[in-house]
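Visitor: Below is the file query31.pdb, with PDB, C-alpha atoms, pLDDT in the B column.
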```pdb
MODEL        1
ATOM      1  CA  MET A   1      14.631  -3.550 -35.778  1.00 81.00           C
ATOM      2  CA  ASN A   2      14.274  -0.973 -33.006  1.00 91.00           C
ATOM      3  CA  TRP A   3      12.640  -3.140 -30.343  1.00 94.00           C
ATOM      4  CA  PHE A   4      12.860  -0.346 -27.772  1.00 95.00           C
ATOM      5  CA  ARG A   5      10.640   1.955 -29.826  1.00 94.00           C
ATOM      6  CA  LYS A   6       8.358  -0.917 -30.856  1.00 95.00           C
ATOM      7  CA  VAL A   7       7.709  -1.881 -27.243  1.00 96.00           C
ATOM      8  CA  GLU A   8       7.076   1.663 -26.028  1.00 94.00           C
ATOM      9  CA  ASP A   9       4.695   2.326 -28.930  1.00 95.00           C
ATOM     10  CA  ALA A  10       2.811  -0.890 -28.079  1.00 96.00           C
ATOM     11  CA  ILE A  11       2.561   0.125 -24.409  1.00 96.00           C
ATOM     12  CA  ARG A  12       1.064   3.476 -25.367  1.00 92.00           C
ATOM     13  CA  LYS A  13      -1.420   1.739 -27.672  1.00 94.00           C
ATOM     14  CA  ILE A  14      -2.625  -0.652 -24.988  1.00 95.00           C
ATOM     15  CA  ILE A  15      -2.962   2.204 -22.516  1.00 93.00           C
ATOM     16  CA  LYS A  16      -5.203   3.998 -25.028  1.00 91.00           C
ATOM     17  CA  GLU A  17      -7.230   0.829 -25.591  1.00 93.00           C
ATOM     18  CA  PHE A  18      -7.569   0.310 -21.844  1.00 92.00           C
ATOM     19  CA  MET A  19      -8.812   3.839 -21.250  1.00 88.00           C
ATOM     20  CA  GLU A  20     -11.327   3.610 -24.087  1.00 89.00           C
ATOM     21  CA  ASN A  21     -12.613   0.095 -23.266  1.00 90.00           C
ATOM     22  CA  PRO A  22     -11.264  -1.032 -19.881  1.00 90.00           C
ATOM     23  CA  TYR A  23     -13.534  -4.069 -19.573  1.00 90.00           C
ATOM     24  CA  VAL A  24     -12.065  -5.686 -22.652  1.00 93.00           C
ATOM     25  CA  PHE A  25      -9.375  -6.586 -20.138  1.00 94.00           C
ATOM     26  CA  ILE A  26     -10.897  -8.562 -17.278  1.00 92.00           C
ATOM     27  CA  TYR A  27      -7.737 -10.436 -16.333  1.00 94.00           C
ATOM     28  CA  GLU A  28      -4.059  -9.602 -16.211  1.00 95.00           C
ATOM     29  CA  ALA A  29      -3.455 -12.319 -18.822  1.00 96.00           C
ATOM     30  CA  ASP A  30      -5.732 -10.414 -21.238  1.00 97.00           C
ATOM     31  CA  ILE A  31      -3.365  -7.453 -21.074  1.00 97.00           C
ATOM     32  CA  GLN A  32      -0.344  -9.705 -21.475  1.00 97.00           C
ATOM     33  CA  ALA A  33      -1.782 -11.394 -24.566  1.00 97.00           C
ATOM     34  CA  ARG A  34      -2.874  -8.135 -26.193  1.00 97.00           C
ATOM     35  CA  LEU A  35       0.448  -6.405 -25.511  1.00 98.00           C
ATOM     36  CA  TYR A  36       2.352  -9.369 -26.972  1.00 96.00           C
ATOM     37  CA  SER A  37       0.168  -9.084 -30.093  1.00 96.00           C
ATOM     38  CA  LEU A  38       0.695  -5.317 -30.382  1.00 96.00           C
ATOM     39  CA  ILE A  39       4.469  -5.680 -30.126  1.00 96.00           C
ATOM     40  CA  GLY A  40       4.421  -8.248 -32.913  1.00 92.00           C
ATOM     41  CA  GLN A  41       2.225  -6.249 -35.291  1.00 91.00           C
ATOM     42  CA  GLY A  42       4.097  -5.175 -38.403  1.00 83.00           C
ATOM     43  CA  VAL A  43       7.350  -6.935 -37.506  1.00 86.00           C
ATOM     44  CA  ARG A  44       8.968  -8.417 -40.588  1.00 80.00           C
ATOM     45  CA  ASN A  45       9.714 -12.138 -40.660  1.00 73.00           C
ATOM     46  CA  GLY A  46      13.418 -11.389 -40.747  1.00 74.00           C
ATOM     47  CA  ASP A  47      13.142  -9.645 -37.379  1.00 80.00           C
ATOM     48  CA  TRP A  48      10.524 -11.946 -35.864  1.00 81.00           C
ATOM     49  CA  PHE A  49      12.364 -15.208 -36.456  1.00 81.00           C
ATOM     50  CA  ILE A  50      15.752 -16.360 -35.238  1.00 80.00           C
ATOM     51  CA  ARG A  51      16.874 -18.891 -37.808  1.00 74.00           C
ATOM     52  CA  THR A  52      19.549 -20.862 -35.945  1.00 71.00           C
ATOM     53  CA  ALA A  53      18.915 -20.612 -32.228  1.00 76.00           C
ATOM     54  CA  VAL A  54      20.163 -22.821 -29.416  1.00 80.00           C
ATOM     55  CA  ILE A  55      17.422 -23.557 -26.884  1.00 82.00           C
ATOM     56  CA  ASN A  56      19.430 -25.943 -24.710  1.00 81.00           C
ATOM     57  CA  ASN A  57      22.016 -28.706 -25.086  1.00 80.00           C
ATOM     58  CA  ASP A  58      19.475 -30.988 -26.743  1.00 83.00           C
ATOM     59  CA  ILE A  59      17.699 -28.474 -29.018  1.00 84.00           C
ATOM     60  CA  MET A  60      20.042 -26.618 -31.358  1.00 84.00           C
ATOM     61  CA  ASN A  61      19.915 -24.790 -34.690  1.00 85.00           C
ATOM     62  CA  VAL A  62      16.139 -24.369 -34.609  1.00 83.00           C
ATOM     63  CA  GLN A  63      13.882 -21.468 -35.562  1.00 84.00           C
ATOM     64  CA  THR A  64      12.307 -19.443 -32.769  1.00 87.00           C
ATOM     65  CA  THR A  65      11.407 -15.840 -31.981  1.00 89.00           C
ATOM     66  CA  PRO A  66      13.155 -13.365 -29.665  1.00 92.00           C
ATOM     67  CA  ILE A  67       9.910 -12.377 -27.891  1.00 94.00           C
ATOM     68  CA  HIS A  68       8.170 -14.674 -25.416  1.00 94.00           C
ATOM     69  CA  THR A  69       5.588 -14.556 -22.643  1.00 95.00           C
ATOM     70  CA  GLN A  70       6.414 -16.030 -19.227  1.00 94.00           C
ATOM     71  CA  LEU A  71      10.067 -15.843 -20.222  1.00 92.00           C
ATOM     72  CA  ALA A  72      12.198 -17.876 -17.826  1.00 86.00           C
ATOM     73  CA  ILE A  73      14.995 -15.957 -16.150  1.00 85.00           C
ATOM     74  CA  ASN A  74      17.500 -16.585 -13.415  1.00 69.00           C
ATOM     75  CA  ALA A  75      17.603 -13.077 -12.053  1.00 50.00           C
ATOM     76  CA  GLN A  76      19.616 -11.609  -9.225  1.00 44.00           C
ATOM     77  CA  SER A  77      17.516  -9.539  -6.886  1.00 43.00           C
ATOM     78  CA  SER A  78      18.627  -5.933  -6.680  1.00 46.00           C
ATOM     79  CA  GLU A  79      17.921  -5.593  -2.959  1.00 48.00           C
ATOM     80  CA  LYS A  80      17.117  -8.887  -1.247  1.00 50.00           C
ATOM     81  CA  ASP A  81      19.093 -12.121  -1.357  1.00 49.00           C
ATOM     82  CA  ARG A  82      21.961 -10.350  -3.028  1.00 50.00           C
ATOM     83  CA  GLY A  83      24.273 -12.789  -4.736  1.00 49.00           C
ATOM     84  CA  LYS A  84      21.661 -15.554  -5.018  1.00 51.00           C
ATOM     85  CA  ARG A  85      20.134 -16.720  -8.281  1.00 52.00           C
ATOM     86  CA  LEU A  86      16.363 -16.550  -8.255  1.00 52.00           C
ATOM     87  CA  LYS A  87      14.195 -18.635 -10.585  1.00 64.00           C
ATOM     88  CA  GLN A  88      11.640 -16.219 -11.978  1.00 84.00           C
ATOM     89  CA  HIS A  89       9.691 -15.324 -15.112  1.00 92.00           C
ATOM     90  CA  LEU A  90       8.984 -12.146 -17.032  1.00 95.00           C
ATOM     91  CA  ASP A  91       5.441 -11.542 -18.225  1.00 97.00           C
ATOM     92  CA  ILE A  92       6.920 -10.553 -21.597  1.00 97.00           C
ATOM     93  CA  GLY A  93      10.578 -10.589 -22.533  1.00 96.00           C
ATOM     94  CA  ILE A  94      12.720 -10.038 -25.609  1.00 95.00           C
ATOM     95  CA  TRP A  95      16.060 -11.811 -25.905  1.00 93.00           C
ATOM     96  CA  ASP A  96      19.172  -9.862 -26.824  1.00 92.00           C
ATOM     97  CA  ILE A  97      20.030 -11.889 -29.921  1.00 87.00           C
ATOM     98  CA  THR A  98      22.964  -9.590 -30.797  1.00 88.00           C
ATOM     99  CA  ASN A  99      24.768 -10.511 -27.582  1.00 86.00           C
ATOM    100  CA  GLU A 100      27.760 -12.709 -28.424  1.00 84.00           C
ATOM    101  CA  THR A 101      26.811 -15.159 -25.675  1.00 85.00           C
ATOM    102  CA  PHE A 102      23.233 -15.660 -26.929  1.00 83.00           C
ATOM    103  CA  ASN A 103      23.769 -19.119 -28.429  1.00 86.00           C
ATOM    104  CA  GLN A 104      26.133 -20.151 -25.664  1.00 85.00           C
ATOM    105  CA  ARG A 105      23.355 -20.172 -23.059  1.00 83.00           C
ATOM    106  CA  ASN A 106      20.182 -22.197 -22.644  1.00 83.00           C
ATOM    107  CA  TYR A 107      16.761 -20.581 -22.755  1.00 82.00           C
ATOM    108  CA  GLY A 108      16.668 -19.772 -19.028  1.00 83.00           C
ATOM    109  CA  GLU A 109      20.012 -18.011 -19.073  1.00 85.00           C
ATOM    110  CA  LYS A 110      19.916 -16.032 -22.305  1.00 88.00           C
ATOM    111  CA  PRO A 111      20.678 -12.290 -22.205  1.00 89.00           C
ATOM    112  CA  ILE A 112      17.501 -10.203 -22.200  1.00 93.00           C
ATOM    113  CA  LEU A 113      17.134  -6.902 -24.024  1.00 96.00           C
ATOM    114  CA  ILE A 114      13.676  -5.823 -22.805  1.00 97.00           C
ATOM    115  CA  GLY A 115      11.503  -7.030 -19.948  1.00 97.00           C
ATOM    116  CA  ILE A 116       7.880  -6.215 -19.137  1.00 98.00           C
ATOM    117  CA  GLU A 117       6.067  -6.916 -15.881  1.00 98.00           C
ATOM    118  CA  ILE A 118       2.300  -6.411 -15.550  1.00 98.00           C
ATOM    119  CA  LYS A 119       0.028  -5.997 -12.553  1.00 96.00           C
ATOM    120  CA  TYR A 120      -3.752  -5.555 -12.693  1.00 94.00           C
ATOM    121  CA  HIS A 121      -5.820  -4.703  -9.608  1.00 91.00           C
ATOM    122  CA  TRP A 122      -9.420  -3.639  -9.234  1.00 86.00           C
ATOM    123  CA  ALA A 123      -9.830  -0.243  -7.583  1.00 78.00           C
ATOM    124  CA  ARG A 124     -12.119  -1.576  -4.870  1.00 79.00           C
ATOM    125  CA  ILE A 125      -9.302  -3.809  -3.631  1.00 79.00           C
ATOM    126  CA  PHE A 126      -6.813  -0.952  -3.666  1.00 76.00           C
ATOM    127  CA  LYS A 127      -9.142   1.234  -1.608  1.00 73.00           C
ATOM    128  CA  ARG A 128      -8.961  -1.177   1.327  1.00 76.00           C
ATOM    129  CA  VAL A 129      -6.170   0.101   3.537  1.00 75.00           C
ATOM    130  CA  SER A 130      -5.334  -3.441   4.622  1.00 78.00           C
ATOM    131  CA  ASP A 131      -4.560  -4.389   0.998  1.00 85.00           C
ATOM    132  CA  ARG A 132      -3.154  -1.157  -0.362  1.00 85.00           C
ATOM    133  CA  HIS A 133       0.410  -1.604   0.871  1.00 87.00           C
ATOM    134  CA  LYS A 134       0.492  -5.190  -0.401  1.00 90.00           C
ATOM    135  CA  LEU A 135      -0.499  -4.061  -3.881  1.00 91.00           C
ATOM    136  CA  ILE A 136       2.038  -1.241  -3.888  1.00 91.00           C
ATOM    137  CA  ALA A 137       4.680  -3.730  -2.768  1.00 93.00           C
ATOM    138  CA  GLN A 138       3.858  -5.978  -5.732  1.00 94.00           C
ATOM    139  CA  HIS A 139       4.536  -3.175  -8.205  1.00 94.00           C
ATOM    140  CA  LEU A 140       7.761  -2.251  -6.426  1.00 94.00           C
ATOM    141  CA  ALA A 141       8.803  -5.926  -6.493  1.00 94.00           C
ATOM    142  CA  ASP A 142       8.350  -5.883 -10.278  1.00 95.00           C
ATOM    143  CA  ILE A 143      10.710  -2.917 -10.437  1.00 94.00           C
ATOM    144  CA  ASP A 144      13.210  -4.808  -8.272  1.00 92.00           C
ATOM    145  CA  LYS A 145      13.063  -7.796 -10.623  1.00 93.00           C
ATOM    146  CA  LEU A 146      13.759  -5.578 -13.627  1.00 94.00           C
ATOM    147  CA  ALA A 147      16.555  -3.793 -11.785  1.00 92.00           C
ATOM    148  CA  GLY A 148      18.196  -7.173 -11.157  1.00 89.00           C
ATOM    149  CA  LEU A 149      18.258  -7.827 -14.902  1.00 90.00           C
ATOM    150  CA  LYS A 150      19.623  -4.343 -15.535  1.00 90.00           C
ATOM    151  CA  SER A 151      22.527  -5.058 -13.203  1.00 84.00           C
ATOM    152  CA  ASN A 152      23.481  -7.997 -15.434  1.00 81.00           C
ATOM    153  CA  ASN A 153      23.064  -6.240 -18.782  1.00 86.00           C
ATOM    154  CA  PRO A 154      23.612  -2.459 -19.095  1.00 88.00           C
ATOM    155  CA  ASP A 155      21.657  -2.411 -22.371  1.00 91.00           C
ATOM    156  CA  PHE A 156      18.537  -3.859 -20.729  1.00 95.00           C
ATOM    157  CA  VAL A 157      15.328  -1.806 -20.624  1.00 96.00           C
ATOM    158  CA  GLY A 158      12.509  -2.692 -18.247  1.00 96.00           C
ATOM    159  CA  HIS A 159       8.858  -1.619 -18.080  1.00 96.00           C
ATOM    160  CA  ALA A 160       6.677  -2.205 -15.008  1.00 96.00           C
ATOM    161  CA  LEU A 161       2.998  -1.707 -15.873  1.00 97.00           C
ATOM    162  CA  TRP A 162       0.298  -1.357 -13.234  1.00 95.00           C
ATOM    163  CA  PHE A 163      -3.331  -1.196 -14.390  1.00 95.00           C
ATOM    164  CA  LEU A 164      -5.993   0.037 -11.967  1.00 90.00           C
ATOM    165  CA  PRO A 165      -9.438   0.056 -13.631  1.00 87.00           C
ATOM    166  CA  GLN A 166     -12.063   2.270 -11.979  1.00 82.00           C
ATOM    167  CA  MET A 167      -9.356   4.171 -10.109  1.00 80.00           C
ATOM    168  CA  GLU A 168      -9.653   7.956 -10.322  1.00 77.00           C
ATOM    169  CA  ILE A 169      -6.675  10.184  -9.654  1.00 72.00           C
ATOM    170  CA  ALA A 170      -8.521  11.882  -6.791  1.00 73.00           C
ATOM    171  CA  ASN A 171      -8.534   8.578  -4.892  1.00 76.00           C
ATOM    172  CA  PHE A 172      -4.979   7.551  -5.762  1.00 79.00           C
ATOM    173  CA  PRO A 173      -2.068   8.396  -3.395  1.00 79.00           C
ATOM    174  CA  GLU A 174       0.008   9.573  -6.345  1.00 75.00           C
ATOM    175  CA  PRO A 175       2.734  11.655  -4.601  1.00 81.00           C
ATOM    176  CA  MET A 176       3.575   8.900  -2.118  1.00 85.00           C
ATOM    177  CA  ILE A 177       3.745   6.154  -4.747  1.00 85.00           C
ATOM    178  CA  ARG A 178       5.654   8.341  -7.182  1.00 82.00           C
ATOM    179  CA  ASN A 179       8.289   9.014  -4.533  1.00 85.00           C
ATOM    180  CA  LEU A 180       8.602   5.318  -3.669  1.00 88.00           C
ATOM    181  CA  ILE A 181       9.178   4.494  -7.325  1.00 88.00           C
ATOM    182  CA  ARG A 182      11.691   7.291  -7.789  1.00 84.00           C
ATOM    183  CA  GLN A 183      13.670   5.943  -4.861  1.00 85.00           C
ATOM    184  CA  LYS A 184      13.747   2.529  -6.539  1.00 86.00           C
ATOM    185  CA  ILE A 185      14.909   3.681  -9.952  1.00 84.00           C
ATOM    186  CA  ARG A 186      17.175   6.545  -8.946  1.00 79.00           C
ATOM    187  CA  ASN A 187      20.505   6.242 -10.791  1.00 76.00           C
ATOM    188  CA  ILE A 188      19.212   3.265 -12.801  1.00 81.00           C
ATOM    189  CA  GLY A 189      18.607   4.279 -16.400  1.00 83.00           C
ATOM    190  CA  GLY A 190      16.412   2.168 -18.622  1.00 90.00           C
ATOM    191  CA  LEU A 191      13.691   1.368 -16.073  1.00 93.00           C
ATOM    192  CA  CYS A 192      10.202   2.790 -16.366  1.00 93.00           C
ATOM    193  CA  SER A 193       7.069   2.504 -14.245  1.00 93.00           C
ATOM    194  CA  TRP A 194       3.660   3.024 -15.833  1.00 93.00           C
ATOM    195  CA  ILE A 195       0.602   3.420 -13.585  1.00 91.00           C
ATOM    196  CA  ILE A 196      -2.590   3.391 -15.628  1.00 91.00           C
ATOM    197  CA  LEU A 197      -5.733   4.713 -13.970  1.00 87.00           C
ATOM    198  CA  ASN A 198      -9.253   5.235 -15.257  1.00 83.00           C
ATOM    199  CA  HIS A 199      -8.547   8.373 -17.293  1.00 82.00           C
ATOM    200  CA  GLU A 200      -4.907   9.191 -16.658  1.00 84.00           C
ATOM    201  CA  TYR A 201      -1.576   7.455 -16.572  1.00 88.00           C
ATOM    202  CA  LEU A 202       1.554   8.271 -14.672  1.00 86.00           C
ATOM    203  CA  LYS A 203       4.962   7.476 -16.140  1.00 87.00           C
ATOM    204  CA  VAL A 204       7.988   7.502 -13.862  1.00 87.00           C
ATOM    205  CA  GLU A 205      11.515   7.008 -15.153  1.00 84.00           C
ATOM    206  CA  GLU A 206      15.030   7.763 -14.026  1.00 75.00           C
ATOM    207  CA  ALA A 207      16.052  10.285 -16.692  1.00 63.00           C
ATOM    208  CA  ALA A 208      17.373  12.905 -14.266  1.00 41.00           C
ATOM    209  CA  VAL A 209      14.573  11.798 -11.935  1.00 40.00           C
ATOM    210  CA  THR A 210      11.890  13.242 -14.183  1.00 43.00           C
ATOM    211  CA  TYR A 211       8.487  11.851 -15.015  1.00 45.00           C
ATOM    212  CA  GLU A 212       5.442  12.400 -17.204  1.00 48.00           C
ATOM    213  CA  LYS A 213       2.262  12.914 -15.274  1.00 46.00           C
ATOM    214  CA  LEU A 214      -1.452  12.637 -15.900  1.00 45.00           C
ATOM    215  CA  HIS A 215      -1.778  12.532 -19.669  1.00 47.00           C
ATOM    216  CA  ARG A 216      -5.389  12.481 -20.802  1.00 45.00           C
ATOM    217  CA  TYR A 217      -6.603  11.062 -24.087  1.00 41.00           C
TER     218      TYR A 217
ENDMDL
END
```
When written as structure tokens, how does the structure in this file appear?
Guide:
Amino acid sequence: MNWFRKVEDAIRKIIKEFMENPYVFIYEADIQARLYSLIGQGVRNGDWFIRTAVINNDIMNVQTTPIHTQLAINAQSSEKDRGKRLKQHLDIGIWDITNETFNQRNYGEKPILIGIEIKYHWARIFKRVSDRHKLIAQHLADIDKLAGLKSNNPDFVGHALWFLPQMEIANFPEPMIRNLIRQKIRNIGGLCSWIILNHEYLKVEEAAVTYEKLHRY
């Protein structure tokens, strides 16, 4: 099962759905639930279920799935509190079940293959200068969280999604935000930022510091 391709295909599908019917998604949790469903569509039982998983010292050899919402992690921040373990969650995460240490760790310490963080902000909030920097900081903090996981597992891939309904590109400070993101992910492969506006989306990734910009459906 190519989870990397499955996740990216699901992200593109939900972006299309969002642009066509943005008010299907009123809350961030709506996006989380729908994206979880899209990732799971068409996955065979043999890939969806782990037959003999260890959850913790008391729950062993049970059936579970590699993909979870609000996945518990003990991540190391990539910039702040370096060296400290931080109790956090991923909005959606997929365990790395091929890692030889998978069944040697409890559910909060298991190696993670893919992580997804989601933010959802109404455009009217973003337009207020007093709030704008706070909202940008939240998206950058998501990238930091994913970068911390990448530092622990070189195979990890992280996606930070930021949905801004009603936001038009003309009102969005795209060059400034793009540059802030590029500074965060420079020299860190496997991290991707998606900023989804009313009619366009911006994708920023490390790959030689390149990005896809303003695709219109």
Visitor: Residues near A:Ala29, anyone? I mean within 10 Å using only C-alpha atoms, not counting same-chain ones fewer than 6 positions away, as JSON, numbers by chain.
Guide: {"A": [35, 91, 118, 119, 120]}
Visitor: Using all atoms listed in the file, which protein or nucleic acid residues come within 12 Å of A:Gln138? Drop anything in the same chain fewer than 5 positions from it, and give the result as a list in words.
Guide: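 With the cut-off at 12 Å, the set is Glu117, Ile118, Lys119, Tyr120, His121, Phe126, Asp131, Arg132, His133, Ile143, Asp144, Lys145, Ala160, Leu161, Trp162 and Ile181 of chain A.
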Visitor: Quick one: distance from atom CA of A:Lys203 to atom CA of A:Ile185 in Å, one decimal?
Guide: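 Separation between atom CA of A:Lys203 and atom CA of A:Ile185: 12.3 Å.
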Visitor: Closest to A:Leu140 among A:Asn99, A:Asn56, A:Gln183, A:Asn171, using only C-alpha atoms?
Guide: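 Ranked by minimum distance to A:Leu140, first place goes to A:Gln183.
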Visitor: So which one's closest to A:Leu164, A:Phe102, A:Tyr27, A:Pro111, A:Leu71? Using only C-alpha atoms, please.
Guide: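 That would be A:Tyr27, the residue with the smallest distance to A:Leu164.
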Visitor: Compare A:Asp155, A:Lys127, A:Ala72, A:Arg178 by their minimum atom-to-atom distance to A:Thr98, counting only C-alpha atoms, and give me the closest one.
Guide: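 Smallest separation from A:Thr98 among the options: A:Asp155.
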Visitor: For A:Val129, list every protein, DNA or RNA residue within 12 Å, evaluated using all atoms listed in the file, and leave out those in the same chain fewer than 6 positions away; present the list as a list in words.
Guide: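 After dropping sequence-adjacent residues, the list is Ala123, Leu135, Ile136, Phe172 and Pro173 of chain A.
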Visitor: Please, what distance in Å, to one decimal, runs between atom CA of A:Ser130 and atom CA of A:Gln70?
Guide: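 Computed distance, atom CA of A:Ser130 to atom CA of A:Gln70, equals 29.4 Å.
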Visitor: Kindly output stretch 24-51 of chain A as a CSV table (one decimal), in the coordinates of the input, after building N, CA and C atoms.
Guide:
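So rebuild00.csv came out as:
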```csv
chain,number,residue,atom,x,y,z
A,24,VAL,N,-12.6,-4.7,-21.7
A,24,VAL,CA,-12.1,-5.7,-22.7
A,24,VAL,C,-11.0,-6.5,-21.9
A,25,PHE,N,-10.4,-5.9,-20.9
A,25,PHE,CA,-9.4,-6.6,-20.1
A,25,PHE,C,-9.9,-6.9,-18.8
A,26,ILE,N,-10.4,-8.1,-18.6
A,26,ILE,CA,-10.9,-8.6,-17.3
A,26,ILE,C,-9.8,-9.2,-16.4
A,27,TYR,N,-8.8,-9.8,-17.0
A,27,TYR,CA,-7.7,-10.4,-16.3
A,27,TYR,C,-6.4,-9.9,-16.8
A,28,GLU,N,-5.4,-10.0,-15.9
A,28,GLU,CA,-4.1,-9.6,-16.2
A,28,GLU,C,-3.5,-10.3,-17.5
A,29,ALA,N,-3.9,-11.6,-17.6
A,29,ALA,CA,-3.5,-12.3,-18.8
A,29,ALA,C,-4.0,-11.7,-20.1
A,30,ASP,N,-5.2,-11.1,-20.1
A,30,ASP,CA,-5.7,-10.4,-21.2
A,30,ASP,C,-4.8,-9.3,-21.7
A,31,ILE,N,-4.3,-8.5,-20.7
A,31,ILE,CA,-3.4,-7.5,-21.1
A,31,ILE,C,-2.1,-8.0,-21.6
A,32,GLN,N,-1.6,-9.1,-21.0
A,32,GLN,CA,-0.3,-9.7,-21.5
A,32,GLN,C,-0.5,-10.2,-22.9
A,33,ALA,N,-1.6,-10.9,-23.2
A,33,ALA,CA,-1.8,-11.4,-24.6
A,33,ALA,C,-1.9,-10.3,-25.6
A,34,ARG,N,-2.7,-9.2,-25.3
A,34,ARG,CA,-2.9,-8.1,-26.2
A,34,ARG,C,-1.6,-7.4,-26.4
A,35,LEU,N,-0.8,-7.1,-25.4
A,35,LEU,CA,0.4,-6.4,-25.5
A,35,LEU,C,1.4,-7.2,-26.4
A,36,TYR,N,1.5,-8.5,-26.2
A,36,TYR,CA,2.4,-9.4,-27.0
A,36,TYR,C,2.0,-9.2,-28.4
A,37,SER,N,0.7,-9.2,-28.7
A,37,SER,CA,0.2,-9.1,-30.1
A,37,SER,C,0.5,-7.7,-30.7
A,38,LEU,N,0.4,-6.7,-29.9
A,38,LEU,CA,0.7,-5.3,-30.4
A,38,LEU,C,2.2,-5.2,-30.7
A,39,ILE,N,3.0,-5.8,-29.9
A,39,ILE,CA,4.5,-5.7,-30.1
A,39,ILE,C,4.8,-6.4,-31.4
A,40,GLY,N,4.1,-7.5,-31.7
A,40,GLY,CA,4.4,-8.2,-32.9
A,40,GLY,C,3.8,-7.7,-34.2
A,41,GLN,N,2.9,-6.8,-34.1
A,41,GLN,CA,2.2,-6.2,-35.3
A,41,GLN,C,3.2,-5.5,-36.2
A,42,GLY,N,3.3,-5.9,-37.4
A,42,GLY,CA,4.1,-5.2,-38.4
A,42,GLY,C,5.6,-5.6,-38.4
A,43,VAL,N,5.9,-6.5,-37.5
A,43,VAL,CA,7.4,-6.9,-37.5
A,43,VAL,C,7.6,-7.9,-38.7
A,44,ARG,N,8.6,-7.6,-39.4
A,44,ARG,CA,9.0,-8.4,-40.6
A,44,ARG,C,9.5,-9.8,-40.1
A,45,ASN,N,9.3,-10.8,-41.0
A,45,ASN,CA,9.7,-12.1,-40.7
A,45,ASN,C,11.2,-12.2,-40.3
A,46,GLY,N,12.0,-11.4,-41.0
A,46,GLY,CA,13.4,-11.4,-40.7
A,46,GLY,C,13.8,-10.9,-39.4
A,47,ASP,N,12.9,-10.1,-38.8
A,47,ASP,CA,13.1,-9.6,-37.4
A,47,ASP,C,12.4,-10.5,-36.4
A,48,TRP,N,11.3,-11.1,-36.8
A,48,TRP,CA,10.5,-11.9,-35.9
A,48,TRP,C,11.2,-13.3,-35.6
A,49,PHE,N,11.8,-13.9,-36.6
A,49,PHE,CA,12.4,-15.2,-36.5
A,49,PHE,C,13.9,-15.2,-36.3
A,50,ILE,N,14.3,-16.1,-35.4
A,50,ILE,CA,15.8,-16.4,-35.2
A,50,ILE,C,15.9,-17.7,-36.0
A,51,ARG,N,16.8,-17.7,-36.9
A,51,ARG,CA,16.9,-18.9,-37.8
A,51,ARG,C,17.6,-20.1,-37.2
```
